[in-house]
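Content type TSV, C-alpha atoms, from the file my_file_28.tsv:
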chain	number	residue	atom	x	y	z
Z	1	MET	CA	0.00	0.00	0.00
Z	2	ARG	CA	1.05	3.59	-0.63
Z	3	PHE	CA	0.39	6.47	1.72
Z	4	PRO	CA	1.44	9.65	-0.10
Z	5	PRO	CA	1.70	12.80	2.01
Z	6	ALA	CA	-1.00	15.45	1.83
Z	7	ALA	CA	-0.55	17.87	-1.06
Z	8	ARG	CA	-0.20	20.79	1.34
Z	9	LEU	CA	3.14	19.43	2.55
Z	10	SER	CA	4.58	19.88	-0.93
Z	11	GLU	CA	3.95	23.63	-0.56
Z	12	LEU	CA	6.26	23.84	2.44
Z	13	PRO	CA	9.94	24.59	1.85
Z	14	PRO	CA	12.33	22.06	3.42
Z	15	TYR	CA	12.93	22.97	7.05
Z	16	LEU	CA	16.33	24.58	6.80
Z	17	PHE	CA	17.70	23.58	10.19
Z	18	ALA	CA	17.15	19.88	9.49
Z	19	GLN	CA	19.20	20.25	6.30
Z	20	LEU	CA	21.96	22.09	8.15
Z	21	ASP	CA	22.16	19.36	10.76
Z	22	LYS	CA	22.53	16.72	8.03
Z	23	LEU	CA	25.49	18.58	6.49
Z	24	LYS	CA	27.02	19.13	9.90
Z	25	GLN	CA	26.77	15.43	10.75
Z	26	GLU	CA	28.50	14.55	7.49
Z	27	ARG	CA	31.42	16.84	8.35
Z	28	LEU	CA	31.64	15.42	11.87
Z	29	ALA	CA	31.65	11.88	10.45
Z	30	ALA	CA	34.54	12.91	8.20
Z	31	GLY	CA	36.53	13.98	11.26
Z	32	GLY	CA	35.89	17.71	11.11
Z	33	ASP	CA	36.07	19.88	14.26
Z	34	VAL	CA	32.85	21.70	13.50
Z	35	ILE	CA	31.84	24.95	15.21
Z	36	ASP	CA	28.08	25.30	14.84
Z	37	LEU	CA	26.93	28.91	14.51
Z	38	GLY	CA	23.80	27.80	12.70
Z	39	ILE	CA	20.95	27.03	15.08
Z	40	GLY	CA	20.04	29.47	17.87
Z	41	ASP	CA	19.82	27.06	20.79
Z	42	PRO	CA	21.25	28.63	23.97
Z	43	ASP	CA	24.24	26.76	25.37
Z	44	LEU	CA	23.81	28.35	28.80
Z	45	PRO	CA	21.99	26.26	31.44
Z	46	THR	CA	18.54	26.88	32.82
Z	47	PRO	CA	18.84	28.71	36.17
Z	48	GLU	CA	19.28	26.24	39.02
Z	49	PRO	CA	16.30	27.56	41.07
Z	50	VAL	CA	14.02	26.89	38.09
Z	51	ILE	CA	15.30	23.32	37.90
Z	52	ASP	CA	14.73	22.93	41.66
Z	53	ALA	CA	11.16	24.21	41.26
Z	54	LEU	CA	10.55	21.64	38.51
Z	55	CYS	CA	11.88	18.78	40.63
Z	56	ALA	CA	9.71	19.72	43.60
Z	57	ALA	CA	6.60	20.11	41.41
Z	58	ALA	CA	7.27	16.83	39.59
Z	59	ARG	CA	7.16	14.97	42.92
Z	60	ASP	CA	3.70	16.38	43.69
Z	61	SER	CA	1.14	13.87	42.42
Z	62	ALA	CA	-1.38	16.69	41.93
Z	63	ASN	CA	0.70	17.70	38.91
Z	64	HIS	CA	0.54	14.27	37.31
Z	65	ARG	CA	-3.00	14.68	35.96
Z	66	TYR	CA	-4.20	16.45	32.83
Z	67	PRO	CA	-3.34	20.15	33.03
Z	68	SER	CA	-5.58	23.05	32.06
Z	69	TYR	CA	-5.92	23.51	28.30
Z	70	ILE	CA	-5.17	27.23	28.55
Z	71	GLY	CA	-2.53	26.95	31.26
Z	72	MET	CA	-2.79	26.88	35.04
Z	73	ALA	CA	-4.17	30.07	36.55
Z	74	ALA	CA	-1.03	30.67	38.63
Z	75	LEU	CA	1.13	30.68	35.49
Z	76	ARG	CA	-1.14	33.03	33.54
Z	77	GLU	CA	-1.19	35.36	36.54
Z	78	SER	CA	2.63	35.34	36.69
Z	79	MET	CA	2.72	36.10	32.95
Z	80	SER	CA	0.39	39.03	33.58
Z	81	ARG	CA	2.64	40.32	36.39
Z	82	TRP	CA	5.72	39.99	34.16
Z	83	LEU	CA	4.05	41.96	31.35
Z	84	LYS	CA	3.14	44.73	33.78
Z	85	ARG	CA	6.64	44.85	35.27
Z	86	ARG	CA	8.46	44.67	31.93
Z	87	PHE	CA	6.24	46.75	29.63
Z	88	GLY	CA	3.64	48.45	31.82
Z	89	VAL	CA	1.02	46.40	29.95
Z	90	ASP	CA	-2.16	45.30	31.74
Z	91	ALA	CA	-3.39	41.92	30.47
Z	92	ASP	CA	-6.31	39.98	31.94
Z	93	PRO	CA	-4.88	36.52	32.78
Z	94	ARG	CA	-8.31	34.94	32.35
Z	95	GLU	CA	-9.25	36.38	28.94
Z	96	GLU	CA	-6.12	37.80	27.28
Z	97	ILE	CA	-3.37	35.24	27.97
Z	98	ILE	CA	-3.00	31.61	26.90
Z	99	THR	CA	-0.10	29.30	27.72
Z	100	LEU	CA	1.58	27.55	24.79
Z	101	ILE	CA	3.81	24.51	24.36
Z	102	GLY	CA	6.50	26.88	23.16
Z	103	SER	CA	5.74	30.01	21.14
Z	104	LYS	CA	6.41	28.10	17.89
Z	105	GLU	CA	3.34	25.94	18.54
Z	106	GLY	CA	1.07	28.95	19.01
Z	107	ILE	CA	2.49	30.82	16.01
Z	108	ALA	CA	1.92	27.78	13.79
Z	109	HIS	CA	-1.64	27.29	15.09
Z	110	LEU	CA	-2.71	30.93	14.88
Z	111	PRO	CA	-3.64	30.92	11.17
Z	112	LEU	CA	-5.45	27.62	11.60
Z	113	ALA	CA	-7.60	29.29	14.26
Z	114	LEU	CA	-8.24	32.52	12.32
Z	115	MET	CA	-7.91	31.96	8.57
Z	116	ASN	CA	-10.18	30.26	6.07
Z	117	PRO	CA	-8.74	28.40	3.07
Z	118	GLY	CA	-7.67	30.80	0.33
Z	119	GLU	CA	-7.29	33.82	2.61
Z	120	THR	CA	-4.00	35.69	2.74
Z	121	ALA	CA	-1.53	36.75	5.41
Z	122	LEU	CA	1.30	39.27	5.14
Z	123	VAL	CA	4.55	37.48	6.04
Z	124	PRO	CA	7.98	39.14	6.46
Z	125	ASP	CA	10.78	38.09	4.11
Z	126	PRO	CA	13.33	37.20	5.42
Z	127	GLY	CA	11.50	35.68	8.35
Z	128	TYR	CA	11.18	32.78	10.75
Z	129	PRO	CA	9.92	29.93	8.49
Z	130	VAL	CA	7.01	29.03	10.79
Z	131	TYR	CA	5.03	32.16	9.78
Z	132	TYR	CA	4.98	31.04	6.16
Z	133	GLY	CA	4.49	27.37	7.01
Z	134	GLY	CA	1.62	27.98	9.42
Z	135	VAL	CA	-0.30	29.93	6.80
Z	136	VAL	CA	0.26	27.21	4.18
Z	137	LEU	CA	-0.88	24.44	6.54
Z	138	ALA	CA	-4.06	26.41	7.24
Z	139	GLY	CA	-4.81	26.51	3.50
Z	140	GLY	CA	-3.95	30.19	3.32
Z	141	LYS	CA	-1.76	32.14	0.93
Z	142	PRO	CA	1.36	33.86	2.30
Z	143	GLU	CA	1.94	37.28	0.75
Z	144	THR	CA	5.56	38.17	1.47
Z	145	ILE	CA	6.63	41.69	2.42
Z	146	PRO	CA	10.34	42.45	2.04
Z	147	LEU	CA	12.59	43.55	4.89
Z	148	GLU	CA	15.42	45.62	3.43
Z	149	ALA	CA	18.62	47.04	4.86
Z	150	ALA	CA	17.65	50.49	3.56
Z	151	ASN	CA	14.71	50.45	6.00
Z	152	ALA	CA	16.65	48.85	8.88
Z	153	PHE	CA	14.93	45.54	8.11
Z	154	ARG	CA	11.50	46.82	9.02
Z	155	PRO	CA	8.64	46.52	6.51
Z	156	ASP	CA	7.72	49.72	4.71
Z	157	LEU	CA	3.99	49.52	5.36
Z	158	SER	CA	3.31	52.43	3.00
Z	159	ARG	CA	4.53	50.31	0.07
Z	160	ILE	CA	2.10	47.45	0.66
Z	161	ASP	CA	-0.64	47.35	-1.98
Z	162	PRO	CA	-3.80	48.58	-0.17
Z	163	ALA	CA	-5.90	46.00	-1.99
Z	164	LYS	CA	-3.66	43.19	-0.73
Z	165	ALA	CA	-3.74	44.62	2.77
Z	166	ASP	CA	-7.55	44.72	2.68
Z	167	GLU	CA	-7.62	41.05	1.68
Z	168	ALA	CA	-5.21	39.92	4.41
Z	169	ARG	CA	-6.29	38.50	7.76
Z	170	ILE	CA	-2.93	38.70	9.57
Z	171	LEU	CA	0.19	40.88	9.45
Z	172	TYR	CA	3.17	39.07	10.98
Z	173	LEU	CA	5.90	41.08	12.68
Z	174	ASN	CA	8.92	39.86	14.64
Z	175	TYR	CA	10.81	42.39	16.74
Z	176	PRO	CA	13.48	41.96	17.91
Z	177	ASN	CA	13.95	40.19	14.60
Z	178	ASN	CA	15.16	36.76	13.65
Z	179	PRO	CA	17.24	36.49	11.49
Z	180	THR	CA	18.33	40.13	11.03
Z	181	SER	CA	18.70	41.20	14.71
Z	182	ALA	CA	16.78	44.41	13.89
Z	183	THR	CA	14.61	46.15	16.46
Z	184	ALA	CA	11.43	48.19	16.28
Z	185	ASP	CA	10.52	51.26	18.32
Z	186	ARG	CA	7.17	52.48	19.61
Z	187	ALA	CA	6.74	54.76	16.59
Z	188	PHE	CA	6.90	51.79	14.23
Z	189	PHE	CA	4.48	49.77	16.36
Z	190	ALA	CA	2.08	52.72	16.42
Z	191	GLU	CA	2.27	52.79	12.62
Z	192	ALA	CA	1.57	49.06	12.49
Z	193	VAL	CA	-1.46	49.40	14.77
Z	194	ALA	CA	-2.84	52.22	12.62
Z	195	PHE	CA	-2.24	50.10	9.49
Z	196	ALA	CA	-4.09	47.16	11.05
Z	197	ARG	CA	-7.02	49.34	12.03
Z	198	GLU	CA	-7.25	50.85	8.54
Z	199	HIS	CA	-7.21	47.46	6.82
Z	200	ARG	CA	-9.13	45.51	9.49
Z	201	LEU	CA	-6.52	42.85	10.09
Z	202	LEU	CA	-4.74	41.31	13.06
Z	203	VAL	CA	-1.13	42.18	13.88
Z	204	CYS	CA	0.84	39.24	15.25
Z	205	ASN	CA	4.17	40.28	16.80
Z	206	ASP	CA	6.59	37.51	17.70
Z	207	ALA	CA	8.50	39.01	20.64
Z	208	SER	CA	10.41	35.87	21.62
Z	209	TYR	CA	13.73	37.76	21.70
Z	210	CYS	CA	12.54	40.84	23.59
Z	211	GLU	CA	14.91	40.22	26.52
Z	212	ILE	CA	18.02	39.69	24.39
Z	213	TYR	CA	19.23	43.21	23.65
Z	214	LEU	CA	22.82	44.41	23.51
Z	215	ASP	CA	22.45	48.08	24.40
Z	216	ASP	CA	20.61	49.81	27.26
Z	217	THR	CA	17.29	50.25	25.44
Z	218	PRO	CA	14.75	47.50	26.21
Z	219	PRO	CA	12.67	46.69	23.11
Z	220	PRO	CA	9.00	47.70	23.51
Z	221	SER	CA	5.88	45.58	23.20
Z	222	ILE	CA	3.32	46.36	20.52
Z	223	LEU	CA	0.74	46.15	23.32
Z	224	GLU	CA	2.16	49.36	24.78
Z	225	ILE	CA	0.43	51.22	21.94
Z	226	GLU	CA	-3.02	52.56	22.82
Z	227	GLY	CA	-5.77	50.36	21.39
Z	228	ALA	CA	-3.38	47.61	20.33
Z	229	SER	CA	-5.02	44.96	22.49
Z	230	GLU	CA	-8.12	45.19	20.27
Z	231	LEU	CA	-6.30	44.14	17.11
Z	232	ALA	CA	-2.95	42.66	18.08
Z	233	VAL	CA	-1.59	39.54	19.70
Z	234	GLU	CA	1.98	39.08	20.86
Z	235	PHE	CA	3.93	35.85	21.37
Z	236	HIS	CA	6.45	35.44	24.17
Z	237	SER	CA	8.76	32.59	25.07
Z	238	LEU	CA	10.70	31.45	28.11
Z	239	SER	CA	13.19	29.69	25.81
Z	240	LYS	CA	15.55	32.58	25.24
Z	241	PRO	CA	15.46	34.67	28.45
Z	242	PHE	CA	15.65	31.64	30.76
Z	243	ASN	CA	17.54	29.16	28.52
Z	244	MET	CA	14.52	26.84	28.49
Z	245	THR	CA	14.31	25.86	24.82
Z	246	GLY	CA	13.74	22.19	25.61
Z	247	TRP	CA	11.11	22.94	28.25
Z	248	ARG	CA	8.64	24.27	25.64
Z	249	VAL	CA	6.90	27.10	27.48
Z	250	GLY	CA	5.52	30.23	25.83
Z	251	PHE	CA	2.38	32.31	25.78
Z	252	ALA	CA	0.21	34.50	23.62
Z	253	VAL	CA	-1.27	37.75	24.91
Z	254	GLY	CA	-3.58	40.33	23.38
Z	255	SER	CA	-7.01	40.40	21.76
Z	256	ALA	CA	-9.40	38.34	23.90
Z	257	GLN	CA	-11.24	37.25	20.76
Z	258	VAL	CA	-8.05	35.86	19.22
Z	259	ILE	CA	-6.95	34.21	22.48
Z	260	GLN	CA	-10.34	32.49	22.69
Z	261	ALA	CA	-10.07	31.25	19.09
Z	262	LEU	CA	-6.57	29.91	19.70
Z	263	GLY	CA	-7.78	28.21	22.87
Z	264	SER	CA	-10.68	26.59	21.02
Z	265	LEU	CA	-8.25	25.14	18.51
Z	266	LYS	CA	-5.81	23.92	21.14
Z	267	THR	CA	-8.47	21.99	23.05
Z	268	ASN	CA	-8.74	19.83	19.93
Z	269	VAL	CA	-5.04	19.29	19.24
Z	270	ASP	CA	-3.22	19.13	22.59
Z	271	SER	CA	-3.86	18.69	26.30
Z	272	GLY	CA	-1.63	21.43	27.61
Z	273	GLN	CA	1.83	21.55	29.13
Z	274	PHE	CA	2.96	19.23	31.96
Z	275	GLN	CA	1.93	21.13	35.08
Z	276	ALA	CA	5.26	20.67	36.85
Z	277	VAL	CA	6.92	22.55	33.98
Z	278	GLN	CA	4.32	25.28	34.40
Z	279	CYS	CA	5.14	25.52	38.12
Z	280	ALA	CA	8.81	25.99	37.24
Z	281	ALA	CA	7.85	28.66	34.70
Z	282	VAL	CA	6.03	30.57	37.44
Z	283	HIS	CA	9.26	30.62	39.43
Z	284	ALA	CA	11.27	31.81	36.42
Z	285	LEU	CA	8.93	34.71	35.69
Z	286	ASP	CA	8.56	35.82	39.30
Z	287	ALA	CA	12.22	35.45	40.34
Z	288	GLY	CA	13.27	38.88	39.10
Z	289	ASP	CA	15.63	40.02	36.39
Z	290	ASP	CA	19.10	39.24	37.77
Z	291	HIS	CA	19.53	36.11	35.67
Z	292	VAL	CA	18.41	37.86	32.49
Z	293	ARG	CA	20.78	40.77	33.12
Z	294	ARG	CA	23.73	38.40	33.57
Z	295	MET	CA	22.79	36.53	30.42
Z	296	ARG	CA	22.65	39.76	28.40
Z	297	GLU	CA	26.14	40.63	29.57
Z	298	ILE	CA	27.39	37.27	28.32
Z	299	TYR	CA	25.84	37.85	24.89
Z	300	ARG	CA	27.22	41.39	24.73
Z	301	LYS	CA	30.71	40.04	25.35
Z	302	ARG	CA	30.22	37.30	22.77
Z	303	TRP	CA	29.04	39.83	20.19
Z	304	ASP	CA	32.20	41.86	20.75
Z	305	ILE	CA	34.36	38.75	20.38
Z	306	LEU	CA	32.73	37.59	17.13
Z	307	ALA	CA	32.27	40.99	15.51
Z	308	GLY	CA	35.70	42.13	16.67
Z	309	GLY	CA	37.30	38.94	15.42
Z	310	LEU	CA	35.81	39.51	11.98
Z	311	ASP	CA	36.92	43.13	11.84
Z	312	GLY	CA	39.23	43.55	8.88
Z	313	THR	CA	37.84	40.58	6.94
Z	314	GLY	CA	35.64	42.82	4.81
Z	315	LEU	CA	32.44	41.24	6.11
Z	316	GLU	CA	29.58	43.70	6.61
Z	317	ILE	CA	27.66	42.95	9.84
Z	318	PHE	CA	24.29	44.60	10.41
Z	319	PRO	CA	24.46	46.40	13.79
Z	320	GLY	CA	20.98	45.32	14.88
Z	321	GLY	CA	21.59	45.41	18.60
Z	322	ALA	CA	19.26	42.60	19.70
Z	323	THR	CA	18.77	38.81	19.69
Z	324	PHE	CA	21.80	36.52	19.80
Z	325	TYR	CA	22.32	36.61	16.03
Z	326	CYS	CA	24.71	38.33	13.65
Z	327	TRP	CA	23.23	39.10	10.20
Z	328	VAL	CA	26.05	39.40	7.69
Z	329	LYS	CA	26.25	40.31	4.02
Z	330	VAL	CA	27.74	37.58	1.83
Z	331	PRO	CA	30.98	38.86	0.26
Z	332	GLY	CA	31.65	38.90	-3.44
Z	333	GLY	CA	28.07	38.58	-4.59
Z	334	ARG	CA	28.02	34.82	-4.02
Z	335	LYS	CA	24.84	32.86	-3.32
Z	336	SER	CA	24.24	32.47	0.41
Z	337	ILE	CA	23.87	28.68	0.22
Z	338	ASP	CA	27.16	28.41	-1.72
Z	339	PHE	CA	29.00	30.62	0.74
Z	340	SER	CA	27.60	28.68	3.71
Z	341	GLY	CA	28.79	25.44	2.10
Z	342	TYR	CA	32.20	26.99	1.50
Z	343	LEU	CA	32.60	27.95	5.17
Z	344	LEU	CA	31.57	24.45	6.27
Z	345	GLU	CA	33.95	22.77	3.83
Z	346	LYS	CA	36.95	25.05	4.28
Z	347	ALA	CA	36.60	26.28	7.87
Z	348	ASP	CA	34.37	23.67	9.55
Z	349	VAL	CA	32.05	26.51	10.61
Z	350	VAL	CA	28.29	26.16	10.24
Z	351	VAL	CA	26.37	29.35	9.37
Z	352	THR	CA	22.79	29.70	8.15
Z	353	PRO	CA	22.25	30.89	4.57
Z	354	GLY	CA	19.89	33.84	4.42
Z	355	SER	CA	17.94	32.27	1.57
Z	356	GLY	CA	16.57	29.78	4.09
Z	357	PHE	CA	14.52	32.61	5.58
Z	358	GLY	CA	12.99	33.69	2.26
Z	359	ALA	CA	13.97	35.08	-1.12
Z	360	ALA	CA	14.80	38.50	0.35
Z	361	GLY	CA	17.34	36.84	2.64
Z	362	GLU	CA	19.51	35.97	-0.35
Z	363	GLY	CA	22.88	37.68	-0.15
Z	364	TYR	CA	23.12	37.33	3.66
Z	365	PHE	CA	24.00	34.69	6.21
Z	366	ARG	CA	23.26	34.39	9.93
Z	367	MET	CA	25.57	33.43	12.79
Z	368	THR	CA	24.54	32.71	16.35
Z	369	LEU	CA	26.22	33.67	19.61
Z	370	THR	CA	25.10	30.50	21.40
Z	371	VAL	CA	28.54	28.90	21.69
Z	372	PRO	CA	31.29	29.58	24.27
Z	373	GLU	CA	33.59	32.57	23.87
Z	374	GLY	CA	36.66	30.57	22.92
Z	375	ARG	CA	34.83	28.79	20.12
Z	376	LEU	CA	33.46	32.11	18.83
Z	377	ALA	CA	36.95	33.54	18.69
Z	378	GLU	CA	38.18	30.44	16.90
Z	379	ALA	CA	35.30	30.56	14.43
Z	380	ALA	CA	36.10	34.19	13.61
Z	381	GLU	CA	39.77	33.29	13.12
Z	382	ARG	CA	38.91	30.39	10.81
Z	383	ILE	CA	36.53	32.50	8.74
Z	384	GLY	CA	39.14	35.24	8.46
Z	385	LYS	CA	41.72	32.77	7.17
Z	386	VAL	CA	39.52	31.33	4.41
Z	387	LEU	CA	38.47	34.81	3.30

Give the structure from the file, written as structure tokens.
Amino acid sequence: MRFPPAARLSELPPYLFAQLDKLKQERLAAGGDVIDLGIGDPDLPTPEPVIDALCAAARDSANHRYPSYIGMAALRESMSRWLKRRFGVDADPREEIITLIGSKEGIAHLPLALMNPGETALVPDPGYPVYYGGVVLAGGKPETIPLEAANAFRPDLSRIDPAKADEARILYLNYPNNPTSATADRAFFAEAVAFAREHRLLVCNDASYCEIYLDDTPPPSILEIEGASELAVEFHSLSKPFNMTGWRVGFAVGSAQVIQALGSLKTNVDSGQFQAVQCAAVHALDAGDDHVRRMREIYRKRWDILAGGLDGTGLEIFPGGATFYCWVKVPGGRKSIDFSGYLLEKADVVVTPGSGFGAAGEGYFRMTLTVPEGRLAEAAERIGKVL
């Protein structure tokens, strides 16, 4: 018997990071000493008190049963407190917040909850592949909007065809931005909220990297803008600020109508996050900001090591100032996939080709700061030698 995959899967591009891992494994098998600057998975450990909170909660049999579909009340209340402390945003933990099994899960499910087949969404290019993929899996049509260096890798909303904007259900934003490391200020978010109101669409801002900034200016939330909670939803993650990528904890906050729709979908596709993990997440959010401040200092130092080590190589690094990524222009007009392959073959350094984030990412590559300082310095030295 044959069981061919659904046709919709053929519309998805290959998931780039799986391809990168395959190439990396081939180099390792050949004896290469590979430095992986490809995937943004923090190498720093989860704070010990968070681990202790998990262990204690895991031993409590009350946490061994099915959890709440939308997240335990104590966790949603801690998320609400964190939003107030960090952004000055008031969010009702009962109506405007839903816990997710990682922000990726919620981002992928959002179009399935809101879009009908054939409807469009405005998706940034370059961008995190899950925006595009989620729309495709919902039967929608992604309409890409370019992020260009001339506009600091923010979309020029004035250049979007008004007819296409009127047809769209969702505008995806991601600031601080993966892969470019760009940030957005309150003025841009105010413009985005006005654009959404004019064209009657939802703004979805993926703010997963909002705590990873390299200067003294904390990135804002779109929900700080007056009226934004009526037509915006924002995704947050504990993966990056608390080094909890494997724990899979995130949340969505914003429009109560959208949160309800997402919750209705999730009751049919998952049974929530293990409650002991949620208890640990409460501790992480309520513990204060000392850990996050120390982590930012580590990434600042790593940025200086990598960028400083590449100084004089002729590589042009975008000075985005946030996330733990470096977005770099490919030298010599080469294709990004070819240049990435060249660095892997000649320097045993894995970088991510910009084309993997969309057509507008061609001509760039991304490097991550999630490796120890010594390896970053060595990677920069190797790249410099082969250039």

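Ranking Z:Glu234, Z:Glu378, Z:Glu167, Z:Asp206 by their shortest atom-to-atom distance to Asp348 of chain Z, with only C-alpha atoms included, puts Z:Glu378 first.
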
So which one's closest to Gly139 of chain Z, Z:Arg197, Z:Arg85, Z:Arg8, Z:Lys240? Using only C-alpha atoms, please.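 Between Z:Arg197, Z:Arg85, Z:Arg8, Z:Lys240, the residue approaching Gly139 of chain Z most closely is Z:Arg8.
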
Long-range neighbours of segment 143-151 of chain Z as a list in words, 8 Å cut-off, all atoms listed in the file, 6 positions minimum in chain: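 Neighbouring residues, sequence-local ones excluded: Thr120, Ala121, Leu122, Val123, Pro124, Asp125, Pro126, Ile160 and Ala360 of chain Z.
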
How would the residues just chosen look if you wrote them out with C-alpha atoms as an mmCIF file, keeping the file's coordinate frame?
data_model
loop_
_atom_site.group_PDB
_atom_site.id
_atom_site.type_symbol
_atom_site.label_atom_id
_atom_site.label_comp_id
_atom_site.auth_asym_id
_atom_site.auth_seq_id
_atom_site.Cartn_x
_atom_site.Cartn_y
_atom_site.Cartn_z
ATOM 1 C CA THR Z 120 -4.000 35.690 2.740
ATOM 2 C CA ALA Z 121 -1.530 36.750 5.410
ATOM 3 C CA LEU Z 122 1.300 39.270 5.140
ATOM 4 C CA VAL Z 123 4.550 37.480 6.040
ATOM 5 C CA PRO Z 124 7.980 39.140 6.460
ATOM 6 C CA ASP Z 125 10.780 38.090 4.110
ATOM 7 C CA PRO Z 126 13.330 37.200 5.420
ATOM 8 C CA ILE Z 160 2.100 47.450 0.660
ATOM 9 C CA ALA Z 360 14.800 38.500 0.350
#

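Of the residues listed (Z:Asp270, Z:Asp289, Z:Glu362, Z:Asp90), Z:Asp90 shows the shortest atom-to-atom separation from Ser221 of chain Z; distances use all atoms listed in the file.
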
Taking all atoms listed in the file into account, name the residue in Z:Glu11, Z:Leu376, Z:Leu23, Z:Phe195 that is nearest to Tyr342 of chain Z.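 Nearest to Tyr342 of chain Z: Z:Leu23.
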
I want to know what sits within 12 Å of Trp82 of chain Z, based on only C-alpha atoms, with residues of the same chain fewer than 6 positions away left out; could you give that as a PyMOL selection string? chain Z and resi 75-76+88-91+93+97+211+236+238+251+253+281-289

Asn116 of chain Z surroundings by only C-alpha atoms, 10 Å radius, close-in-sequence under 4 positions cut, as a list in words: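 What passes the distance filter is Pro111, Leu112, Thr120, Val135, Ala138, Gly139, Gly140 and Arg169 of chain Z.
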
Give me the residues within 6 Å of segment 39-42 of chain Z as a PyMOL selection string, counting all atoms listed in the file and dropping any in the same chain fewer than 3 places off. chain Z and resi 243+368+370

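The coordinates place atom CA of Pro14 of chain Z at 25.4 Å from atom CA of Lys266 of chain Z.
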
Excluding Ala261 of chain Z and residues on its chain fewer than 5 positions from it, collect all residues at most 9 Å away from it, counting all atoms listed in the file, and give them as an MDAnalysis selection string. chainID Z and resid 110 113:114 256 266

Would you save the residues of that selection, restricted to C-alpha atoms, as a PDB file, in the coordinates of the input?
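So result.pdb came out as:
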ATOM      1  CA  LEU Z 110      -2.710  30.930  14.880  1.00  0.00           C
ATOM      2  CA  ALA Z 113      -7.600  29.290  14.260  1.00  0.00           C
ATOM      3  CA  LEU Z 114      -8.240  32.520  12.320  1.00  0.00           C
ATOM      4  CA  ALA Z 256      -9.400  38.340  23.900  1.00  0.00           C
ATOM      5  CA  LYS Z 266      -5.810  23.920  21.140  1.00  0.00           C
TER       6      LYS Z 266
END

Select all residues near (-9.2, 40.8, 5.9) (cut-off 9 Å, inclusive, file coordinates), counting all atoms listed in the file, and output them as a list in words.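 Output of the proximity query reads Glu119, Thr120, Ala121, Lys164, Ala165, Asp166, Glu167, Ala168, Arg169, Ile170, His199, Arg200, Leu201 and Leu202 of chain Z.
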
Straight-line distance linking atom CA of Pro47 of chain Z with atom CA of Val249 of chain Z, stated in Å to one decimal: 14.9 Å
